[in-house]
Amino acid sequence: MKVSKSTNVISHDVSSALRFLAEELHKPEYLTTAWYIEIIDKWFNLMTSKNPVMALSKLKPLVYKEAISFLNEFIDIMRKLKVGAKTLWKPSQSGSVLATTSILQIQDIFLNDRGFKFLLTSRITQDCLKNLFCVLRSKNVVPNAWQVKNNLKLITVSQYLKDVSNRNCDEDDRELLSGFLDVIQKPKVRNNVSEVKITDNLAAEPHVLLLNNGELNSLYNICGYITHSIKKKSKLCKNCLNFVGSNSSTDYEFTKLSKLKRFKKGCLFFCNKNTFDFFLKMEGSFQKFFPHIKDRNCDIKKFLIQQINKIQFYIPECHNLRKFIINRFVIFRLKISGKKNSKLLNKYSSKSIDAHGNK
């Protein structure tokens with residue numbers, strides 16, 4: 001019933017990880033699960049497309065033909081699927097076959113009969129209705145008719161309690177009447193980073209980074225992800241990018257997972273050995289200082305950035321690429337660590353970070 005949790009499991013990342021582990025742990029049985037996850041993930045993306053890239057469209061005949069062929073094959077797979085020891089027919093099989101058949105018939109009407117350029121299949125799902133029901137049930141789990149009507153009125157009014165993007169007046173920064181009972185917490189006074197004391201033994205002691213082959217492959221994938229995200233959202237010259245890596249895959253020993261995850265050639269960024277060594281040093285510095293700073297009343301992000309800046313690694317300074325890499329890496333690691341700490345997770349969530357990884 002939790003679609004977001006299901007899509008986290010049924011995803012290309014998970015199938016790639018299973019293929020990596022199948023070879024790493026000599027578990028060929030993982031490949032069957034990886035294949036099934038890939039099938040369901042591709043089907044779900046085609047059935048809930050929200051942009052023209054994944055939409056059903058005849059603008060690219062080969063891609064369209066491949067998508068229609070896949071959906072027909074998926075129907076055949078679900079019809080022949082045997083679940084459990086008794087191989088009973090499951091409701092999920094009926095639902096998936098019915099939904100896929102409906103989409104195939106609908107796309108034929110819109111693309112062939114009515115001449116649409118593309119079809120966004122997400123517009124045919126019941127997501128908006130289910131989201132409305134979810135909000136209605138947030139106050140009353142099993143609402144009666146009066147509660148549904150009253151909650152629906154409140155939801156309708158709440159749509160107007162936000163700023164209009166194309167307004168011609170200044171933003172009113174007063175508190176809304178609807179939140180007059182909310183208690184405004186007084187912001188906590190934080191200590192200056194310079195006042196945080198770290199023992200000389202900790203500062204001088206070298207940190208031994210113990211990572212297995214799977215963790216090294218994961219860190220290399222993160223290395224490429226962070227660099228690629230900076231490349232997309234920042235103005236960088238070819239001198240900067242060529243210094244840290246390229247979109248061409250390399251034969252470096254920790255690139256196996258990244259190669260499994262890429263959909264096509266050139267879509268992922270592969271860092272060179274020197275850049276990956278820098279990420280290893282940043283990870284070592286994070287593991288060294290974070291356990292001693294996480295519970296202190298100070299700006300954790302600023303402190304970690306100061307410590308990582310002491311690492312010797314040259315990157316051309318023409319577009320501040322080194323600064324962007326350090327900022328994004330620290331934010332990324334704080335978000336991962338925040339999964340065990342709700343305060344960190346709320347503070348360093350994606351919505352609170354701009355394109356360059358700054359607060």
# chains A, B, ... in the order shown; residues from 1 in each chain; ligands from 1
call {"tool": "closest_atom_pairs", "arguments": {"of": "range 4-23 of chain A", "to": "range 206-216 of chain A", "cutoff": "10 Å", "atoms": "only C-alpha atoms", "output": "tab-separated table"}}
result
residue	atom	partner	partner_atom	distance
A:Ala17	CA	A:Gly214	CA	9.3
A:Phe20	CA	A:Gly214	CA	8.3
A:Leu21	CA	A:Gly214	CA	8.0
call {"tool": "write_last_selection", "arguments": {"atoms": "N, CA, C and O atoms", "output": "mmCIF file, in the first residue's frame"}}
result
data_model
loop_
_atom_site.group_PDB
_atom_site.id
_atom_site.type_symbol
_atom_site.label_atom_id
_atom_site.label_comp_id
_atom_site.auth_asym_id
_atom_site.auth_seq_id
_atom_site.Cartn_x
_atom_site.Cartn_y
_atom_site.Cartn_z
ATOM 1 N N ALA A 17 22.370 -3.300 -7.901
ATOM 2 C CA ALA A 17 23.079 -3.769 -6.709
ATOM 3 C C ALA A 17 23.011 -5.292 -6.597
ATOM 4 O O ALA A 17 23.990 -5.939 -6.212
ATOM 5 N N PHE A 20 25.414 -6.808 -8.989
ATOM 6 C CA PHE A 20 26.775 -6.647 -8.456
ATOM 7 C C PHE A 20 27.043 -7.692 -7.371
ATOM 8 O O PHE A 20 28.097 -8.343 -7.366
ATOM 9 N N LEU A 21 26.090 -7.880 -6.458
ATOM 10 C CA LEU A 21 26.269 -8.847 -5.367
ATOM 11 C C LEU A 21 26.263 -10.285 -5.875
ATOM 12 O O LEU A 21 26.909 -11.150 -5.287
#
call {"tool": "residues_around", "arguments": {"residues": "Ile305 in chain A", "least_positions_apart": "3", "cutoff": "10 Å", "atoms": "only C-alpha atoms", "output": "tab-separated table (two decimals) with N, CA and C atoms, in the first residue's frame"}}
result
chain	number	residue	atom	x	y	z
A	282	MET	N	38.23	12.41	2.03
A	282	MET	CA	37.09	13.13	2.63
A	282	MET	C	36.26	12.19	3.48
A	285	SER	N	38.08	11.59	6.72
A	285	SER	CA	37.97	12.75	7.60
A	285	SER	C	36.59	12.81	8.24
A	286	PHE	N	35.55	12.50	7.45
A	286	PHE	CA	34.19	12.52	7.99
A	286	PHE	C	34.04	11.48	9.10
A	300	ILE	N	27.66	21.83	12.45
A	300	ILE	CA	28.40	20.62	12.11
A	300	ILE	C	28.92	20.69	10.69
A	301	LYS	N	28.10	21.17	9.78
A	301	LYS	CA	28.51	21.25	8.38
A	301	LYS	C	29.75	22.14	8.23
A	302	LYS	N	29.72	23.31	8.86
A	302	LYS	CA	30.84	24.24	8.73
A	302	LYS	C	32.11	23.65	9.33
A	308	ILE	N	37.93	19.21	6.24
A	308	ILE	CA	38.21	18.61	4.93
A	308	ILE	C	39.03	19.55	4.06
A	309	ASN	N	38.87	20.84	4.26
A	309	ASN	CA	39.64	21.82	3.48
A	309	ASN	C	41.14	21.70	3.74
A	310	LYS	N	41.52	21.05	4.83
A	310	LYS	CA	42.94	20.87	5.14
A	310	LYS	C	43.58	19.77	4.30
A	323	LYS	N	35.46	23.63	-3.99
A	323	LYS	CA	34.52	24.09	-2.96
A	323	LYS	C	33.17	23.40	-3.12
A	326	ILE	N	33.37	19.64	-2.03
A	326	ILE	CA	33.43	19.47	-0.57
A	326	ILE	C	32.07	19.74	0.05
A	327	ASN	N	31.42	20.83	-0.36
A	327	ASN	CA	30.11	21.18	0.19
A	327	ASN	C	29.08	20.07	-0.08
A	329	PHE	N	29.61	16.94	-0.82
A	329	PHE	CA	29.95	15.69	-0.15
A	329	PHE	C	29.54	15.73	1.32
A	330	VAL	N	29.84	16.83	2.00
A	330	VAL	CA	29.49	16.94	3.42
A	330	VAL	C	27.98	16.89	3.61
A	331	ILE	N	27.24	17.61	2.76
A	331	ILE	CA	25.78	17.58	2.85
A	331	ILE	C	25.25	16.16	2.62
call {"tool": "select_by_dssp", "arguments": {"residues": "range 175-336 of chain A", "states": "strand (DSSP E)", "output": "number ranges by chain"}}
result
A: 245-246, 270-271
call {"tool": "residues_around", "arguments": {"residues": "Asp76 in chain A", "least_positions_apart": "4", "cutoff": "12 Å", "atoms": "only C-alpha atoms", "output": "PyMOL selection string"}}
result
chain A and resi 69-72+80-81+93-94+96-98+100-101
call {"tool": "closest_residue", "arguments": {"among": "A:Ala34, A:Leu304, A:Leu152, A:Val63", "to": "Ala22 in chain A", "atoms": "only C-alpha atoms"}}
result
A:Ala34
call {"tool": "residues_around", "arguments": {"residues": "Lys42 in chain A", "least_positions_apart": "4", "cutoff": "12 Å", "atoms": "only C-alpha atoms", "output": "PyMOL selection string"}}
result
chain A and resi 7+10-12+15+35-38+46-49+54+66-67+70-71+74+263
